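Engineer: coords.cif (mmCIF, C-alpha atoms and all ligand atoms) pasted underneath:
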data_entry
loop_
_atom_site.label_atom_id
_atom_site.label_comp_id
_atom_site.auth_asym_id
_atom_site.auth_seq_id
_atom_site.Cartn_x
_atom_site.Cartn_y
_atom_site.Cartn_z
CA MET A 40 -19.38 6.00 -26.16
CA ARG A 41 -16.15 7.70 -27.04
CA GLN A 42 -13.07 5.48 -26.99
CA HIS A 43 -10.09 6.79 -25.07
CA ALA A 44 -6.52 5.88 -25.84
CA HIS A 45 -4.85 4.51 -22.72
CA PRO A 46 -1.51 5.93 -21.66
CA PRO A 47 0.97 3.05 -22.12
CA ILE A 48 2.08 0.99 -19.14
CA PRO A 49 5.74 1.75 -18.39
CA VAL A 50 7.61 -1.45 -19.15
CA GLN A 51 11.33 -0.97 -18.46
CA LEU A 52 13.59 -3.56 -20.06
CA SER A 53 17.15 -3.94 -18.83
CA GLU A 54 19.71 -3.11 -21.49
CA GLU A 55 20.64 -6.76 -21.96
CA VAL A 56 17.01 -7.87 -22.34
CA ALA A 57 16.18 -4.97 -24.68
CA ASP A 58 19.16 -5.80 -26.91
CA ALA A 59 18.28 -9.50 -27.02
CA CYS A 60 14.65 -8.74 -27.91
CA LYS A 61 15.70 -6.30 -30.64
CA GLU A 62 18.10 -8.80 -32.17
CA GLY A 63 15.68 -11.74 -31.97
CA ARG A 64 17.87 -13.60 -29.50
CA PRO A 65 16.17 -15.99 -27.05
CA VAL A 66 14.88 -14.56 -23.76
CA VAL A 67 13.19 -16.42 -20.90
CA ALA A 68 10.96 -14.42 -18.56
CA LEU A 69 10.94 -15.43 -14.87
CA GLU A 70 8.55 -14.67 -12.00
CA SER A 71 9.52 -12.89 -8.76
CA ASN A 72 6.76 -14.19 -6.47
CA VAL A 73 8.79 -17.34 -6.00
CA ILE A 74 11.51 -15.10 -4.50
CA THR A 75 9.21 -13.30 -2.04
CA HIS A 76 6.65 -16.03 -1.34
CA GLY A 77 8.16 -19.31 -2.54
CA LEU A 78 11.35 -19.83 -0.56
CA PRO A 79 12.74 -18.39 2.69
CA TYR A 80 15.75 -16.02 2.79
CA PRO A 81 18.59 -16.49 1.86
CA ASN A 82 17.80 -19.59 -0.25
CA ASN A 83 15.37 -17.50 -2.30
CA ALA A 84 18.09 -15.06 -3.43
CA ALA A 85 20.65 -17.78 -4.11
CA THR A 86 18.12 -19.85 -6.05
CA ALA A 87 16.91 -16.89 -8.14
CA CYS A 88 20.51 -16.25 -9.20
CA LYS A 89 21.07 -19.94 -10.01
CA VAL A 90 17.83 -19.93 -12.00
CA GLU A 91 19.16 -17.04 -14.09
CA GLU A 92 22.49 -18.86 -14.61
CA ALA A 93 20.55 -21.97 -15.69
CA VAL A 94 18.66 -19.98 -18.33
CA ARG A 95 22.03 -18.74 -19.62
CA SER A 96 23.60 -22.19 -19.66
CA GLY A 97 20.54 -23.34 -21.62
CA GLY A 98 21.29 -20.68 -24.23
CA ALA A 99 18.98 -17.73 -23.48
CA VAL A 100 18.92 -14.40 -21.63
CA PRO A 101 17.02 -14.42 -18.30
CA ALA A 102 14.51 -11.67 -17.52
CA THR A 103 13.17 -11.74 -13.97
CA ILE A 104 10.13 -9.48 -13.72
CA ALA A 105 8.81 -7.30 -10.89
CA VAL A 106 6.91 -4.10 -10.19
CA ASP A 107 8.94 -1.20 -8.84
CA GLY A 108 7.87 2.43 -8.51
CA GLY A 109 4.87 2.35 -10.82
CA ALA A 110 6.65 0.48 -13.61
CA ILE A 111 7.09 -3.11 -14.71
CA ARG A 112 10.77 -3.99 -14.61
CA VAL A 113 11.84 -6.72 -17.03
CA GLY A 114 15.32 -7.96 -16.15
CA MET A 115 16.09 -7.51 -12.44
CA THR A 116 19.70 -6.95 -11.40
CA ALA A 117 21.39 -9.11 -8.75
CA ALA A 118 20.92 -6.18 -6.33
CA ASP A 119 17.16 -6.05 -7.14
CA ILE A 120 16.89 -9.78 -6.48
CA GLU A 121 18.69 -9.43 -3.15
CA ARG A 122 16.38 -6.54 -2.16
CA PHE A 123 13.22 -8.48 -3.06
CA ALA A 124 14.54 -11.60 -1.33
CA SER A 125 15.35 -9.81 1.94
CA THR A 126 12.48 -7.28 2.20
CA PRO A 127 9.49 -8.63 4.12
CA GLY A 128 5.94 -7.77 3.11
CA ILE A 129 6.30 -7.23 -0.64
CA PRO A 130 2.82 -7.99 -2.00
CA LYS A 131 2.02 -10.90 -4.29
CA VAL A 132 0.85 -9.35 -7.55
CA SER A 133 -1.28 -11.48 -9.83
CA ALA A 134 -2.79 -10.23 -13.08
CA ARG A 135 -5.80 -8.65 -11.35
CA ASP A 136 -3.54 -6.74 -8.94
CA LEU A 137 -1.28 -5.17 -11.58
CA PRO A 138 -3.32 -2.03 -12.32
CA THR A 139 -3.66 -1.04 -8.67
CA VAL A 140 -0.10 -1.88 -7.62
CA LEU A 141 1.23 0.10 -10.61
CA ALA A 142 -1.04 3.04 -9.76
CA ARG A 143 0.08 3.18 -6.13
CA GLY A 144 3.79 2.74 -6.76
CA GLY A 145 6.04 0.63 -4.57
CA LEU A 146 7.24 -2.93 -4.97
CA GLY A 147 5.33 -5.96 -6.19
CA ALA A 148 6.26 -9.60 -6.78
CA MET A 149 4.91 -11.17 -9.94
CA THR A 150 3.08 -14.51 -10.08
CA VAL A 151 3.04 -16.65 -13.21
CA ALA A 152 -0.11 -14.83 -14.37
CA SER A 153 1.23 -11.28 -14.05
CA SER A 154 4.62 -12.31 -15.45
CA LEU A 155 2.84 -13.51 -18.58
CA VAL A 156 1.09 -10.15 -18.93
CA ALA A 157 4.49 -8.44 -18.75
CA ALA A 158 6.30 -10.91 -21.04
CA ASP A 159 3.61 -10.44 -23.67
CA LEU A 160 3.87 -6.62 -23.41
CA ALA A 161 7.67 -6.88 -23.72
CA GLY A 162 7.50 -9.31 -26.65
CA ILE A 163 9.24 -12.17 -24.80
CA ALA A 164 8.18 -15.55 -26.19
CA PHE A 165 9.25 -17.85 -23.34
CA PHE A 166 8.60 -17.98 -19.61
CA ALA A 167 9.74 -20.52 -17.00
CA SER A 168 8.64 -21.48 -13.51
CA ALA A 169 8.75 -24.77 -11.64
CA GLY A 170 5.10 -25.10 -10.69
CA ILE A 171 2.22 -23.20 -12.22
CA GLY A 172 -0.94 -22.49 -10.24
CA GLY A 173 -3.95 -24.67 -11.02
CA VAL A 174 -7.21 -26.06 -9.70
CA HIS A 175 -6.98 -26.42 -5.93
CA ARG A 176 -8.04 -29.59 -4.13
CA GLY A 177 -11.62 -28.99 -2.98
CA ALA A 178 -12.19 -26.36 -5.69
CA GLU A 179 -15.68 -27.80 -6.23
CA THR A 180 -16.65 -25.95 -3.04
CA SER A 181 -13.96 -23.24 -2.64
CA MET A 182 -13.94 -22.30 -6.38
CA ASP A 183 -10.21 -21.66 -5.94
CA ILE A 184 -8.75 -21.94 -9.42
CA SER A 185 -5.50 -20.06 -10.01
CA SER A 186 -5.73 -17.12 -12.37
CA ASP A 187 -2.53 -18.51 -13.92
CA LEU A 188 -4.82 -20.84 -15.89
CA ILE A 189 -7.07 -18.02 -17.10
CA GLN A 190 -4.06 -15.91 -18.05
CA PHE A 191 -2.86 -18.72 -20.33
CA THR A 192 -5.87 -17.90 -22.52
CA ARG A 193 -4.82 -14.25 -22.79
CA SER A 194 -1.03 -14.09 -23.10
CA LYS A 195 0.94 -15.23 -26.13
CA VAL A 196 3.83 -16.91 -24.31
CA ALA A 197 5.33 -20.41 -24.27
CA VAL A 198 5.37 -21.54 -20.62
CA VAL A 199 7.95 -24.11 -19.51
CA CYS A 200 7.22 -25.74 -16.14
CA ALA A 201 7.42 -28.97 -14.17
CA GLY A 202 3.64 -29.21 -14.23
CA ALA A 203 1.46 -27.67 -11.57
CA LYS A 204 2.13 -27.54 -7.84
CA LYS A 205 1.80 -30.85 -6.05
CA ILE A 206 -0.59 -29.31 -3.49
CA LEU A 207 -3.21 -28.88 -6.27
CA ASP A 208 -5.72 -31.27 -7.84
CA LEU A 209 -3.66 -32.18 -10.90
CA GLY A 210 -6.39 -34.23 -12.61
CA LEU A 211 -8.78 -31.27 -12.46
CA THR A 212 -5.97 -28.92 -13.53
CA LEU A 213 -5.41 -31.00 -16.68
CA GLU A 214 -9.17 -31.06 -17.37
CA TYR A 215 -9.31 -27.29 -17.01
CA LEU A 216 -6.35 -26.78 -19.35
CA GLU A 217 -8.15 -28.93 -21.91
CA THR A 218 -11.35 -26.90 -21.50
CA LEU A 219 -9.34 -23.71 -22.06
CA SER A 220 -7.75 -25.19 -25.22
CA VAL A 221 -4.23 -24.64 -23.87
CA PRO A 222 -1.81 -27.05 -25.59
CA VAL A 223 0.14 -29.19 -23.10
CA VAL A 224 3.29 -30.89 -24.36
CA SER A 225 5.66 -32.95 -22.25
CA TYR A 226 9.27 -32.74 -23.36
CA ARG A 227 10.93 -36.16 -23.34
CA SER A 228 8.46 -37.71 -20.88
CA ASP A 229 5.14 -39.55 -21.02
CA ASP A 230 3.53 -38.11 -17.89
CA PHE A 231 2.31 -34.73 -16.75
CA PRO A 232 4.77 -34.02 -13.90
CA ALA A 233 3.87 -32.80 -10.41
CA PHE A 234 6.36 -30.08 -9.51
CA TYR A 235 8.96 -31.83 -7.31
CA CYS A 236 7.45 -35.25 -8.06
CA ILE A 237 8.33 -36.82 -11.42
CA SER A 238 4.77 -37.82 -12.28
CA SER A 239 1.28 -36.66 -11.40
CA GLY A 240 0.05 -40.14 -12.25
CA PHE A 241 -1.70 -38.65 -15.27
CA PRO A 242 -0.38 -39.20 -18.79
CA SER A 243 0.50 -36.08 -20.72
CA PRO A 244 -1.81 -35.23 -23.62
CA CYS A 245 1.26 -35.09 -25.90
CA ARG A 246 4.92 -36.08 -25.75
CA LEU A 247 7.50 -34.43 -28.01
CA ASP A 248 11.22 -35.22 -27.83
CA ASP A 249 12.68 -32.70 -30.23
CA ALA A 250 13.15 -29.00 -29.42
CA THR A 251 12.68 -27.90 -33.03
CA THR A 252 9.40 -29.80 -33.28
CA ILE A 253 8.25 -28.00 -30.13
CA ALA A 254 9.29 -24.65 -31.65
CA ARG A 255 7.25 -25.47 -34.76
CA ALA A 256 4.24 -26.48 -32.64
CA VAL A 257 4.44 -23.22 -30.65
CA GLU A 258 4.56 -21.17 -33.84
CA ASN A 259 1.68 -23.23 -35.27
CA HIS A 260 -0.40 -22.43 -32.18
CA TRP A 261 0.11 -18.72 -32.72
CA ALA A 262 -0.26 -18.92 -36.53
CA LEU A 263 -3.65 -20.54 -35.95
CA GLY A 264 -4.78 -17.24 -34.47
CA ASN A 265 -4.49 -18.06 -30.76
CA HIS A 266 -3.30 -15.15 -28.64
CA SER A 267 -2.68 -17.58 -25.80
CA SER A 268 -0.07 -19.66 -24.02
CA PHE A 269 1.48 -23.00 -24.94
CA LEU A 270 2.47 -25.20 -22.01
CA ILE A 271 5.63 -27.33 -22.09
CA THR A 272 6.46 -29.59 -19.16
CA THR A 273 9.76 -31.07 -18.05
CA PRO A 274 10.06 -33.15 -14.86
CA VAL A 275 12.37 -32.64 -11.88
CA ASN A 276 15.74 -34.45 -12.04
CA ALA A 277 15.30 -38.00 -10.72
CA GLU A 278 18.02 -37.61 -8.06
CA ASP A 279 16.24 -34.61 -6.52
CA ALA A 280 12.65 -35.82 -6.88
CA VAL A 281 10.39 -36.31 -3.87
CA ASP A 282 8.38 -39.54 -3.55
CA ASP A 283 4.62 -39.07 -3.77
CA ALA A 284 4.07 -41.04 -0.60
CA ASP A 285 6.44 -38.77 1.32
CA VAL A 286 4.43 -35.61 0.63
CA ASP A 287 0.83 -36.82 0.23
CA GLN A 288 0.22 -37.14 3.95
CA ALA A 289 1.94 -33.80 4.63
CA ILE A 290 -0.35 -32.13 2.07
CA ASP A 291 -3.49 -33.64 3.63
CA GLU A 292 -2.40 -32.42 7.06
CA ALA A 293 -1.50 -28.97 5.71
CA MET A 294 -4.94 -28.67 4.13
CA ALA A 295 -6.63 -29.60 7.38
CA ALA A 296 -4.52 -27.02 9.22
CA ALA A 297 -5.38 -24.36 6.62
CA ARG A 298 -9.10 -25.04 7.13
CA ARG A 299 -8.63 -24.82 10.90
CA ASP A 300 -6.68 -21.54 10.61
CA GLY A 301 -9.20 -20.11 8.12
CA VAL A 302 -6.54 -19.51 5.44
CA ARG A 303 -8.15 -18.82 2.08
CA GLY A 304 -7.76 -16.89 -1.14
CA ASN A 305 -4.37 -15.85 -2.42
CA ALA A 306 -2.62 -16.73 0.87
CA ILE A 307 -3.34 -20.46 0.65
CA THR A 308 -0.59 -21.42 -1.81
CA LYS A 309 2.26 -20.07 0.33
CA TYR A 310 0.69 -21.45 3.51
CA LEU A 311 0.41 -24.99 2.13
CA MET A 312 3.90 -24.98 0.61
CA ARG A 313 5.46 -23.87 3.91
CA ALA A 314 3.48 -26.40 5.94
CA VAL A 315 4.55 -29.24 3.65
CA ASP A 316 8.14 -28.07 3.87
CA THR A 317 8.06 -28.08 7.67
CA ALA A 318 6.50 -31.54 7.70
CA THR A 319 9.17 -32.90 5.34
CA GLN A 320 12.06 -31.27 7.29
CA GLY A 321 12.96 -29.04 4.35
CA ARG A 322 13.00 -31.83 1.79
CA SER A 323 10.29 -30.23 -0.34
CA SER A 324 11.98 -26.83 -0.51
CA ARG A 325 15.29 -28.46 -1.49
CA ALA A 326 13.45 -30.26 -4.29
CA ASN A 327 11.69 -26.97 -5.13
CA MET A 328 15.07 -25.25 -5.61
CA SER A 329 16.35 -28.07 -7.80
CA VAL A 330 13.27 -28.13 -10.02
CA LEU A 331 13.30 -24.34 -10.43
CA ILE A 332 16.87 -24.54 -11.72
CA SER A 333 16.43 -27.56 -14.01
CA THR A 334 13.22 -26.15 -15.49
CA ALA A 335 14.96 -22.85 -16.22
CA HIS A 336 17.80 -24.67 -18.00
CA THR A 337 15.36 -26.57 -20.22
CA ALA A 338 13.47 -23.35 -20.91
CA GLY A 339 16.71 -21.67 -22.06
CA HIS A 340 17.37 -24.59 -24.40
CA LEU A 341 13.83 -24.58 -25.82
CA ALA A 342 13.79 -20.78 -26.21
CA ALA A 343 17.08 -20.98 -28.11
CA ALA A 344 15.68 -23.65 -30.44
CA HIS A 345 12.60 -21.47 -30.94
CA ALA A 346 14.68 -18.39 -31.78
CA ARG A 347 16.70 -20.43 -34.32
CA TYR A 348 13.50 -21.80 -35.84
CA ARG A 349 12.00 -18.33 -36.15
CA ALA A 350 15.13 -16.73 -37.62
N1 LIG B 401 3.86 -19.73 -3.35
C1 LIG B 401 4.96 -20.50 -3.36
N2 LIG B 401 5.55 -20.73 -4.51
C2 LIG B 401 5.06 -20.22 -5.64
C3 LIG B 401 3.84 -19.46 -5.66
C4 LIG B 401 3.33 -19.23 -4.46
O1 LIG B 401 5.43 -20.98 -2.33
O2 LIG B 401 5.67 -20.46 -6.66
C5 LIG B 401 3.14 -19.01 -6.84
C6 LIG B 401 3.46 -18.71 -8.26
O3 LIG B 401 3.87 -17.36 -8.35
C7 LIG B 401 2.08 -18.89 -8.90
C8 LIG B 401 1.15 -18.45 -7.80
O4 LIG B 401 1.91 -18.11 -10.04
O5 LIG B 401 1.77 -18.82 -6.60
C9 LIG B 401 -0.22 -19.03 -7.88
O6 LIG B 401 -0.96 -18.53 -6.84
P1 LIG B 401 -2.54 -18.79 -6.75
O7 LIG B 401 -2.66 -20.27 -6.49
O8 LIG B 401 -3.00 -17.93 -5.60
O9 LIG B 401 -3.09 -18.36 -8.06
MN MN B 402 -6.24 -18.91 -5.63
#
What does this structure look like when you write it as structure tokens?

Structural biologist:
Amino acid sequence: MRQHAHPPIPVQLSEEVADACKEGRPVVALESNVITHGLPYPNNAATACKVEEAVRSGGAVPATIAVDGGAIRVGMTAADIERFASTPGIPKVSARDLPTVLARGGLGAMTVASSLVAADLAGIAFFASAGIGGVHRGAETSMDISSDLIQFTRSKVAVVCAGAKKILDLGLTLEYLETLSVPVVSYRSDDFPAFYCISSGFPSPCRLDDATTIARAVENHWALGNHSSFLITTPVNAEDAVDDADVDQAIDEAMAAARRDGVRGNAITKYLMRAVDTATQGRSSRANMSVLISTAHTAGHLAAAHARYRA
């Protein structure tokens, strides 16, 4: 069989992001699905801007990523963010959806998985989001395991997060990450966090307290020949954390309602998050906003330490 060269995917970097990449300055990639599917308007737009500011105050350049008009845009403007935040019906684009959404044109909001594809193409070493996808509760029958986890085995990016979403089975998510040989390091904490809860109840496989040591570990992972991700967790600020007990019942009820309503596949994550938020009178989305911002700040700090280490 003859091998064909593929025409390159158009990846358009904003001027600021392109300059930072060229000069080896730290950049943190950010997803856009959290804008369209994570939080309601106008909190989604305000939070996305605060997340970008937090990356800057941590010491790096933010690069929010989306699909627009057949191209991957790396570094959305404030006007782009406002448009994505206020336009209903923008599709959720995970890694498997990228080729078709790019082919058709139009807008698309990037999940963790597709953001990692784009960050890797753009040569951005760090990515941040509050809660990664993972193994869903009941996955032993639904087989619902987020493609975020699979993408970690394919994209060479350091991922900073507050663990995986609380609605997931976090024990199984940790097992799966171990199976996939994805390093998991918790920065200045002993436990694997649970999104807006400080702890999942599971100890982290590794605690590291020093940003330069983390930078060295990330580089070691790649020097060992892994073209894959390196996970770094940082928990929600204590004053904004949600108590486990306060959300556990809401999650159980949301899952029962999802079964009743026949919600499955890629719609389940948004459905469950919204149901929990309604049941907690908005408490969980307030904590969600806080953890998005604090995670982004830590990611900026770690990306800066990494850029210094690499220089
Ligand atoms: N819904 C939300 N918040 C989110 C996500 C969905 O309310 O943050 C996200 C992230 O973009 C994550 C994706 O990458 O959902 C995982 O989706 P799934 O479980 O379908 O793989
Ligand atoms: Mn899924």

Engineer: May I have the residues within 10 Å of Ser333 (chain A) as a list in words, using all atoms listed in the file and disregarding those fewer than 6 positions away in the same chain?

Structural biologist: Lys89, Val90, Ala93, Val94, Gly97, Ser168, Ala169, Cys200, Ala201, Thr273, Pro274, Val275, Asn276 and Gly339 of chain A

Engineer: Write the residues you've just listed into a file as a PDB file, in the frame of the given file, and include C-alpha atoms for each of them.

Structural biologist:
ATOM      1  CA  LYS A  89      21.070 -19.940 -10.010  1.00  0.00           C
ATOM      2  CA  VAL A  90      17.830 -19.930 -12.000  1.00  0.00           C
ATOM      3  CA  ALA A  93      20.550 -21.970 -15.690  1.00  0.00           C
ATOM      4  CA  VAL A  94      18.660 -19.980 -18.330  1.00  0.00           C
ATOM      5  CA  GLY A  97      20.540 -23.340 -21.620  1.00  0.00           C
ATOM      6  CA  SER A 168       8.640 -21.480 -13.510  1.00  0.00           C
ATOM      7  CA  ALA A 169       8.750 -24.770 -11.640  1.00  0.00           C
ATOM      8  CA  CYS A 200       7.220 -25.740 -16.140  1.00  0.00           C
ATOM      9  CA  ALA A 201       7.420 -28.970 -14.170  1.00  0.00           C
ATOM     10  CA  THR A 273       9.760 -31.070 -18.050  1.00  0.00           C
ATOM     11  CA  PRO A 274      10.060 -33.150 -14.860  1.00  0.00           C
ATOM     12  CA  VAL A 275      12.370 -32.640 -11.880  1.00  0.00           C
ATOM     13  CA  ASN A 276      15.740 -34.450 -12.040  1.00  0.00           C
ATOM     14  CA  GLY A 339      16.710 -21.670 -22.060  1.00  0.00           C
TER      15      GLY A 339
END

Engineer: When you count all atoms listed in the file, which of these residues is closest to ligand MN 402 (chain B): A:Asp291, A:Asp229, A:Asp187, A:Asp316?

Structural biologist: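 Result for the nearest residue to ligand MN 402 (chain B): A:Asp187.
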
Engineer: Please compute the atom O8 of ligand LIG 401 (chain B)-CA of Val132 (chain A) distance, one decimal, in Å.

Structural biologist: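 Taking atom O8 of ligand LIG 401 (chain B) and CA of Val132 (chain A), their separation equals 9.6 Å.
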
Engineer: CA of Glu217 (chain A) to CA of Ala164 (chain A): how many Å, to one decimal?

Structural biologist: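 CA of Glu217 (chain A) sits 21.5 Å away from CA of Ala164 (chain A).
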
Engineer: Show me, as JSON, numbers by chain, the residues that have an atom within 12 Å of Asp279 (chain A) when counting only C-alpha atoms, minus same-chain residues fewer than 5 positions from it.

Structural biologist: {"A": [234, 235, 236, 237, 274, 322, 323, 324, 325, 326, 327, 328, 329, 330, 331, 332, 333]}

Engineer: Residues of chain A that approach ligand MN 402 (chain B) to 10 Å or less, counting only C-alpha atoms and all ligand atoms: could you list each one with the shortest pair of atoms and its distance in Å to one decimal, rows by chain and increasing residue number, as CSV?

Structural biologist:
residue,atom,partner,partner_atom,distance
A:Ser133,CA,B:MN402,MN,9.9
A:Gly172,CA,B:MN402,MN,7.9
A:Gly173,CA,B:MN402,MN,8.2
A:Val174,CA,B:MN402,MN,8.3
A:His175,CA,B:MN402,MN,7.6
A:Ala178,CA,B:MN402,MN,9.5
A:Ser181,CA,B:MN402,MN,9.3
A:Met182,CA,B:MN402,MN,8.4
A:Asp183,CA,B:MN402,MN,4.8
A:Ile184,CA,B:MN402,MN,5.5
A:Ser185,CA,B:MN402,MN,4.6
A:Ser186,CA,B:MN402,MN,7.0
A:Asp187,CA,B:MN402,MN,9.1
A:Arg303,CA,B:MN402,MN,7.9
A:Gly304,CA,B:MN402,MN,5.2
A:Asn305,CA,B:MN402,MN,4.8
A:Ala306,CA,B:MN402,MN,7.8
A:Ile307,CA,B:MN402,MN,7.1
A:Thr308,CA,B:MN402,MN,7.3

Engineer: (1.8, -25.1, -11.1) in this file's frame - what residues fall within 6 Å of it? Use all atoms listed in the file and give the answer as a PyMOL selection string.

Structural biologist: chain A and resi 170-173+202-204

Engineer: How far is it from CA of Leu263 (chain A) to CA of His345 (chain A), in Å with one decimal?

Structural biologist: 17.0 Å

Engineer: Pick out the residues sitting within 8 Å of Leu270 (chain A), and hand them over as an NGL selection string; count only C-alpha atoms, and ignore anything fewer than 2 positions along from it in its own chain.

Structural biologist: :A and (197-200 or 221-224 or 268 or 272)

Engineer: Can you tell me which residues surround region 72-87 of chain A at a distance of at most 9 Å, considering all atoms listed in the file, apart from same-chain residues fewer than 2 positions away, and format the answer as an NGL selection string?

Structural biologist: :A and (70 or 89-92 or 103 or 105 or 117 or 120-132 or 147-151 or 168 or 309 or 312-313 or 324 or 327-329 or 331-332)

Engineer: To test the calculation: enclose all listed atoms of region 234-245 of chain A in a box whose edges run along x, y and z, add 8 Å on each side, then state centre and edge lengths in Å to one decimal, as lines of an AutoDock Vina configuration file.

Structural biologist:
center_x = 3.6
center_y = -35.1
center_z = -16.6
size_x = 26.8
size_y = 26.1
size_z = 34.6

Engineer: Would you pick out the contacts of Arg193 (chain A) at 7 Å or less, using only C-alpha atoms, so that residues sharing its chain but fewer than 3 positions from it are not included, and give the list as number ranges by chain?

Structural biologist: A: 190, 266-267

Engineer: With only C-alpha atoms as the basis for distance, which of A:Leu52, A:Ala280, A:Ile163, A:Ser96 is at the shortest distance from Val66 (chain A)?

Structural biologist: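 Among the listed residues, the smallest separation from Val66 (chain A) belongs to A:Ile163.
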
Engineer: Find the residue from A:Glu179, A:Ala59, A:Ala293, A:Val196 that sits nearest to Ala254 (chain A); use only C-alpha atoms when measuring.

Structural biologist: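 Under the stated criterion, the closest residue is A:Val196.
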
Engineer: Which residue gives the smallest distance to ligand LIG 401 (chain B) among A:Phe165, A:Phe231, A:Phe241, A:Phe191, with only C-alpha atoms and all ligand atoms counted?

Structural biologist: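 So, comparing all the options, the nearest one is A:Phe191.
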
Engineer: Dig up all the protein and nucleic acid residues within 9 Å of (2.7, -11.1, -18.8) in the file frame, using all atoms listed in the file, and format them as a ChimeraX atom specification.

Structural biologist: /A:68,134,151-161,163,190,194-196

Engineer: Using the selection just defined, write its residues with C-alpha atoms as an mmCIF file, in the coordinates of the input.

Structural biologist:
data_model
loop_
_atom_site.group_PDB
_atom_site.id
_atom_site.type_symbol
_atom_site.label_atom_id
_atom_site.label_comp_id
_atom_site.auth_asym_id
_atom_site.auth_seq_id
_atom_site.Cartn_x
_atom_site.Cartn_y
_atom_site.Cartn_z
ATOM 1 C CA ALA A 68 10.960 -14.420 -18.560
ATOM 2 C CA ALA A 134 -2.790 -10.230 -13.080
ATOM 3 C CA VAL A 151 3.040 -16.650 -13.210
ATOM 4 C CA ALA A 152 -0.110 -14.830 -14.370
ATOM 5 C CA SER A 153 1.230 -11.280 -14.050
ATOM 6 C CA SER A 154 4.620 -12.310 -15.450
ATOM 7 C CA LEU A 155 2.840 -13.510 -18.580
ATOM 8 C CA VAL A 156 1.090 -10.150 -18.930
ATOM 9 C CA ALA A 157 4.490 -8.440 -18.750
ATOM 10 C CA ALA A 158 6.300 -10.910 -21.040
ATOM 11 C CA ASP A 159 3.610 -10.440 -23.670
ATOM 12 C CA LEU A 160 3.870 -6.620 -23.410
ATOM 13 C CA ALA A 161 7.670 -6.880 -23.720
ATOM 14 C CA ILE A 163 9.240 -12.170 -24.800
ATOM 15 C CA GLN A 190 -4.060 -15.910 -18.050
ATOM 16 C CA SER A 194 -1.030 -14.090 -23.100
ATOM 17 C CA LYS A 195 0.940 -15.230 -26.130
ATOM 18 C CA VAL A 196 3.830 -16.910 -24.310
#

Engineer: Given only C-alpha atoms and all ligand atoms as the basis, pick out the residue of A:Ala102, A:Val67, A:Val113, A:Leu207 nearest to ligand LIG 401 (chain B).

Structural biologist: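 Among A:Ala102, A:Val67, A:Val113, A:Leu207, it is A:Leu207 that comes nearest to ligand LIG 401 (chain B).
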
Engineer: Check the smallest atom-to-atom distance from each of A:Leu146, A:Val315, A:Ala343, A:Val50 to ligand LIG 401 (chain B) using all atoms listed in the file, then report the winner.

Structural biologist: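 The closest residue to ligand LIG 401 (chain B) is A:Val315.
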
Engineer: Could you write region 48-59 of chain A as a CSV table (one decimal), keeping the file's coordinate frame, with N, CA and C atoms rebuilt where they are missing?

Structural biologist:
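Produced file rebuild31.csv, reproduced below:
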chain,number,residue,atom,x,y,z
A,48,ILE,N,1.5,1.5,-20.4
A,48,ILE,CA,2.1,1.0,-19.1
A,48,ILE,C,3.6,1.1,-19.3
A,49,PRO,N,4.3,1.7,-18.3
A,49,PRO,CA,5.7,1.8,-18.4
A,49,PRO,C,6.3,0.4,-18.2
A,50,VAL,N,6.9,-0.2,-19.2
A,50,VAL,CA,7.6,-1.4,-19.2
A,50,VAL,C,9.1,-1.2,-19.4
A,51,GLN,N,9.9,-1.3,-18.4
A,51,GLN,CA,11.3,-1.0,-18.5
A,51,GLN,C,12.2,-2.2,-18.6
A,52,LEU,N,12.7,-2.4,-19.8
A,52,LEU,CA,13.6,-3.6,-20.1
A,52,LEU,C,15.0,-3.2,-19.7
A,53,SER,N,15.7,-4.1,-19.1
A,53,SER,CA,17.2,-3.9,-18.8
A,53,SER,C,17.8,-3.9,-20.2
A,54,GLU,N,19.0,-3.3,-20.2
A,54,GLU,CA,19.7,-3.1,-21.5
A,54,GLU,C,19.9,-4.5,-22.2
A,55,GLU,N,20.3,-5.4,-21.4
A,55,GLU,CA,20.6,-6.8,-22.0
A,55,GLU,C,19.4,-7.4,-22.6
A,56,VAL,N,18.3,-7.3,-21.9
A,56,VAL,CA,17.0,-7.9,-22.3
A,56,VAL,C,16.5,-7.1,-23.6
A,57,ALA,N,16.6,-5.8,-23.5
A,57,ALA,CA,16.2,-5.0,-24.7
A,57,ALA,C,17.0,-5.3,-25.9
A,58,ASP,N,18.3,-5.5,-25.8
A,58,ASP,CA,19.2,-5.8,-26.9
A,58,ASP,C,18.8,-7.2,-27.5
A,59,ALA,N,18.6,-8.1,-26.6
A,59,ALA,CA,18.3,-9.5,-27.0
A,59,ALA,C,17.0,-9.5,-27.8
